[in-house]
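A quick write-up on the structure given underneath.
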Amino acid sequence: MTRVAVVGSGVAGLSTAYRLAPDHDVVVLDRDAIGNGTSSRASGVITTPVDYPDQPAWSRHAIEFFRELDGTGVFEWTDREYVRGVRPADVDAARETATSNNDAEESSATEVRLVDADAYADVFDAEAPYEKALVWPGTGYFDVDEFLATMRRECVRRGVEFRPDTTVESVRVTDGAVAGDEVAGVETEYGSVDADAVVAAAGSATPDLLADVLRVPIRPFTWNVAYLEADLPDGVPMGGDPVLGAYWRGTRDGRLLVGIEHQYGGSDRATAPPEDPREIGDELDRLLREELPGILASVDADAPVVRYECCPMADATTPDAKPIIDAPAEAPDGLVVAAGFHGAGVMAADSIGTAVRAHLTGEPAPFSLSPFTLDRFESRDADFPFRTMFRQSVPGRDGGA
Ligand SMILES: Cc1cc2nc3c(=O)[nH]c(=O)nc-3n(C[C@H](O)[C@H](O)[C@H](O)COP(=O)(O)OP(=O)(O)OC[C@H]3O[C@@H](n4cnc5c(N)ncnc54)[C@H](O)[C@@H]3O)c2cc1C
């Protein structure tokens with residue numbers, strides 16, 4: 001049986017192991033506990049039609065998996081539409097978003113509607129700056145801890161071996177690091193692990209992991225999240241505001257989860273990780289206290305924060321804010337990269353594992369693999385200029401509160 005070493009046990013590594021395990025000998029190595037990286041901090045907002053608008057088949061496959069997994073182990077899926085308020089200046093761009101989505105091949109399952117913001121008068125504050133609302137059906141949410149625990153359990157049932165607390169130092173190739181060579185395994189802090197194939201799913205650490213064998217244009221990017229006490233109406237939709245760089249959803253216990261994007265080393269907001277991590281909290285606090293009460297009817301300026309998820313561990317991004325899932329021609333044979341999910345990795349879970357499997361086995365995938373190949377980038381430089389997915393969604397606007 002083909003032996004595969006998967007480096008990283010976040011959503012990319014776990015979904016890869018899950019898809020390969022039935023007929024591969026899979027070992028997952030993580031420098032930390034299993035599933036304890038960025039994936040464990042995620043908000044569980046599942047909006048692939050919003051975040052992968054050009055890949056309807058990929059997007060639908062991802063959500064169908066969660067619906068099928070519902071009720072397995074401790075995992076519970078909640079259907080919930082996603083509503084984005086649209087300012088008067090952005091109505092044309094929003095109309096274009098709806099039109100291009102609805103015209104796209106196969107997109108009928110997630111028809112996007114542009115409606116008057118008044119239709120969501122119970123959600124938006126009376127002073128909210130919105131004229132319209134973009135509405136995506138077919139989205140939902142779940143508790144990420146429940147998802148990761150369930151995926152881990154299902155992997156164990158399929159025979160996956162987990163090696164936590166094992167840092168992988170490099171990918172080992174048979175003979176030097178030039179195209180045409182083959183992967184032979186990985187070097188860890190405890191010695192070599194032989195494998196016929198290696199999947200690099202190490203999040204923002206992927207460029208370092210691959211330094212000897214492949215250059216990838218990936219750099220850190222993250223979100224920071226707070227959970228608020230709020231008086232939410234039943235079934236309140238999830239939502240977001242690209243101009244604020246923020247998103248939100250209700251939780252099953254009646255709280256409001258709010259996230260704000262934050263770039264490390266970016267050209268858009270912060271230019272470096274702040275020396276004092278509390279600065280991230282300050283930015284989030286300003287959003288919660290000064291901006292959000294004028295946006296959402298259910299949020300008071302003094303709503304107690306019950307939990308912060310200010311993430312010292314970063315997610316990763318590429319220049320076009322889409323992941324790299326590929327067995328690149330310039331890499332040693334047997335190496336697959338699955339990283340750079342830019343705040344949208346959890347929602348794509350089974351599509352990631354399915355794509356990696358397709359690369360390793362040559363089997364067809366139920367969606368196109370080409371949007372995620374490395375060769376779409378001319379440069380491999382990790383110091384690229386970058387606009388977040390949110391910013392890209394409102395043409396002509398660079399955001400800022
Ligand atoms: C606050 C926050 C909220 C988010 N909310 C959402 C959301 O609602 N929906 C959504 O879809 N996405 C969300 N995201 C994004 C999502 O969390 C990421 O896109 C996703 O978790 C990336 O998964 P990954 O497997 O690539 O990375 P990770 O989960 O970071 O996994 C990488 C793993 O590799 C391990 N590793 C690294 N280097 C090595 C090494 N050398 N040797 C061994 N192991 C190594 C790490 O320990 C880690 O466990 C959010 C992110 C943050 C920070």
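Here's how to read the names in the structure tokens: chain A, B, ... by the order shown, residue numbers from 1 in each chain, ligand numbers from 1 in the order shown.
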Original post:
Within 7 Å of ligand 1, counting only C-alpha atoms and all ligand atoms, which protein or nucleic acid residues do you find, written as a ChimeraX atom specification?
Top reply: /A:7-13,29-32,34-46,166-169,201-206,209,222-225,259,309-311,313-315,338-348
**OP:** Compile the contact shell of stretch 373-379 of chain A as a PyMOL selection string: residues with an atom at most 12 Å away, counting only C-alpha atoms, same-chain residues fewer than 5 positions apart removed.
**Re:** chain A and resi 214-218+318-331+336-340+355-356+359+368+384-385
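Atom CA of A:Tyr227 to atom CA of A:Phe75 spans 20.5 Å [interatomic distance, one decimal].
Counting from atom CA of A:Arg380, the distance to atom CA of A:Asp196 is 25.6 Å.
With only C-alpha atoms as the basis for measurement, A:Ala133 is the residue among A:Ala57, A:Ala133, A:Ala33, A:Leu69 that approaches A:Pro88 most closely.
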Subject >> Members of stretch 139-340 of chain A assigned helix (DSSP H, G or I) by DSSP, as a PyMOL selection string >> reply: chain A and resi 144-157+203-209+278-294
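Residues in contact range of A:Gly140, defined as at most 9 Å between only C-alpha atoms, with sequence neighbours fewer than 5 positions away removed, read Gly44, Val45, Ile46, Thr47, Ile63, Trp77, Thr78, Asp79, Arg80, Glu81, Tyr82 and Met238 of chain A.
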Those residues you just picked out, can you put them in a file as an mmCIF file, in the first residue's frame with C-alpha atoms?
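selection_18.cif, freshly written:
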data_model
loop_
_atom_site.group_PDB
_atom_site.id
_atom_site.type_symbol
_atom_site.label_atom_id
_atom_site.label_comp_id
_atom_site.auth_asym_id
_atom_site.auth_seq_id
_atom_site.Cartn_x
_atom_site.Cartn_y
_atom_site.Cartn_z
ATOM 1 C CA GLY A 44 -17.024 27.655 11.583
ATOM 2 C CA VAL A 45 -18.592 30.071 9.095
ATOM 3 C CA ILE A 46 -19.234 27.922 6.036
ATOM 4 C CA THR A 47 -19.713 30.203 3.067
ATOM 5 C CA ILE A 63 -21.000 21.874 1.745
ATOM 6 C CA TRP A 77 -24.393 21.212 10.921
ATOM 7 C CA THR A 78 -26.684 24.276 10.964
ATOM 8 C CA ASP A 79 -28.144 25.690 7.737
ATOM 9 C CA ARG A 80 -28.040 29.488 7.801
ATOM 10 C CA GLU A 81 -28.121 32.049 5.008
ATOM 11 C CA TYR A 82 -25.401 34.683 4.703
ATOM 12 C CA MET A 238 -24.711 35.142 9.235
#
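Nearest to A:Val83 of all the residues A:Leu296, A:Val27, A:Val171, A:Ile352 is A:Leu296, counting only C-alpha atoms.
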**OP:** Would you please give, as a ChimeraX atom specification, all residues of stretch 243-383 of chain A that DSSP assigns to strand (DSSP E or B) based on the backbone?
**Re:** /A:246-250,255-262,296,305-310,315-317,324-326,333,335-339
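The nearest approach to A:Pro293 among the residues A:Val160, A:Leu228, A:Pro237, A:Thr97, with only C-alpha atoms taken into account, belongs to A:Leu228.
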**OP:** For A:Thr150, list every protein, DNA or RNA residue within 12 Å, evaluated using only C-alpha atoms, and leave out those in the same chain fewer than 5 positions away; present the list as a VMD selection string.
**Re:** chain A and resid 11 14 to 15 18 35 66 69 to 76 142 to 145 155 to 157
Original post:
Contacts of A:Asp234 at 12 Å or less, counting only C-alpha atoms, minus same-chain residues fewer than 5 places along, as number ranges by chain?
Top reply: A: 80, 122-123, 249-255, 298
Would you put the residues from that selection into a file with all heavy atoms, as a compact mmCIF listing (two decimals), in the first residue's frame?
# COMPACT_ATOMS: atom_id res chain seq x y z
N ARG A 80 -27.77 28.07 7.49
CA ARG A 80 -28.04 29.49 7.80
C ARG A 80 -27.61 30.35 6.62
O ARG A 80 -26.49 30.22 6.13
CB ARG A 80 -27.24 29.88 9.06
CG ARG A 80 -27.67 31.16 9.74
CD ARG A 80 -29.15 31.22 10.08
NE ARG A 80 -29.70 30.05 10.74
CZ ARG A 80 -29.73 29.85 12.05
NH1 ARG A 80 -29.24 30.75 12.86
NH2 ARG A 80 -30.28 28.76 12.56
N ASP A 122 -35.00 43.56 10.90
CA ASP A 122 -34.84 43.00 12.25
C ASP A 122 -33.38 42.64 12.54
O ASP A 122 -33.02 42.36 13.67
CB ASP A 122 -35.73 41.76 12.43
CG ASP A 122 -35.43 40.69 11.39
OD1 ASP A 122 -34.91 41.03 10.31
OD2 ASP A 122 -35.69 39.50 11.68
N VAL A 123 -32.55 42.63 11.51
CA VAL A 123 -31.13 42.27 11.68
C VAL A 123 -30.27 43.52 11.74
O VAL A 123 -29.45 43.69 12.65
CB VAL A 123 -30.66 41.38 10.51
CG1 VAL A 123 -29.16 41.12 10.60
CG2 VAL A 123 -31.44 40.08 10.49
N ARG A 249 -21.63 35.73 13.04
CA ARG A 249 -22.67 34.70 13.03
C ARG A 249 -23.17 34.50 14.46
O ARG A 249 -22.45 34.77 15.43
CB ARG A 249 -22.17 33.38 12.46
CG ARG A 249 -21.23 32.58 13.36
CD ARG A 249 -21.17 31.13 12.90
NE ARG A 249 -20.15 30.32 13.54
CZ ARG A 249 -20.33 29.61 14.65
NH1 ARG A 249 -21.50 29.67 15.30
NH2 ARG A 249 -19.36 28.87 15.15
N GLY A 250 -24.38 34.00 14.60
CA GLY A 250 -24.88 33.61 15.91
C GLY A 250 -24.27 32.26 16.29
O GLY A 250 -23.76 31.53 15.43
N THR A 251 -24.31 31.93 17.57
CA THR A 251 -23.85 30.62 18.00
C THR A 251 -25.06 29.84 18.52
O THR A 251 -26.11 30.42 18.78
CB THR A 251 -22.80 30.72 19.13
OG1 THR A 251 -23.44 31.27 20.29
CG2 THR A 251 -21.64 31.60 18.70
N ARG A 252 -24.88 28.54 18.71
CA ARG A 252 -26.02 27.73 19.16
C ARG A 252 -26.46 28.12 20.57
O ARG A 252 -27.60 27.89 20.94
CB ARG A 252 -25.65 26.24 19.10
CG ARG A 252 -25.51 25.72 17.68
CD ARG A 252 -25.79 24.23 17.61
NE ARG A 252 -24.87 23.45 18.39
CZ ARG A 252 -23.81 22.82 17.89
NH1 ARG A 252 -23.56 22.86 16.60
NH2 ARG A 252 -23.01 22.13 18.66
N ASP A 253 -25.55 28.71 21.35
CA ASP A 253 -25.96 29.13 22.70
C ASP A 253 -26.34 30.61 22.76
O ASP A 253 -26.33 31.23 23.82
CB ASP A 253 -24.87 28.80 23.74
CG ASP A 253 -23.53 29.44 23.39
OD1 ASP A 253 -23.48 30.18 22.39
OD2 ASP A 253 -22.55 29.20 24.11
N GLY A 254 -26.68 31.18 21.60
CA GLY A 254 -27.29 32.51 21.58
C GLY A 254 -26.31 33.67 21.66
O GLY A 254 -26.70 34.80 21.94
N ARG A 255 -25.04 33.41 21.43
CA ARG A 255 -24.07 34.51 21.41
C ARG A 255 -23.80 34.94 19.99
O ARG A 255 -24.20 34.28 19.03
CB ARG A 255 -22.78 34.07 22.09
CG ARG A 255 -23.01 33.94 23.58
CD ARG A 255 -21.85 33.33 24.29
NE ARG A 255 -22.09 33.43 25.72
CZ ARG A 255 -21.60 32.61 26.62
NH1 ARG A 255 -20.82 31.62 26.25
NH2 ARG A 255 -21.87 32.78 27.89
N SER A 298 -28.88 43.89 17.11
CA SER A 298 -28.80 43.10 18.35
C SER A 298 -27.55 43.39 19.18
O SER A 298 -27.35 42.77 20.22
CB SER A 298 -28.83 41.61 17.99
OG SER A 298 -27.88 41.35 16.98
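Comparing A:Asp54, A:Asp181, A:Asp282, A:Asp300 by their smallest distance to A:Asp125, the closest is A:Asp300 (using only C-alpha atoms).
Close contacts of A:Val86, defined as residues with an atom at most 9 Å away when counting only C-alpha atoms, with chain neighbours fewer than 6 positions off set aside, comprise Ala94, Ala117, Pro129, Tyr130, Glu131, Lys132, Ala133, Leu134 and Asp241 of chain A.
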**OP:** Rank A:Asp116, A:Glu154, A:Asp285, A:Asp90 by their smallest atom-to-atom distance to A:Val243, using only C-alpha atoms, and report the top residue only.
**Re:** A:Asp90
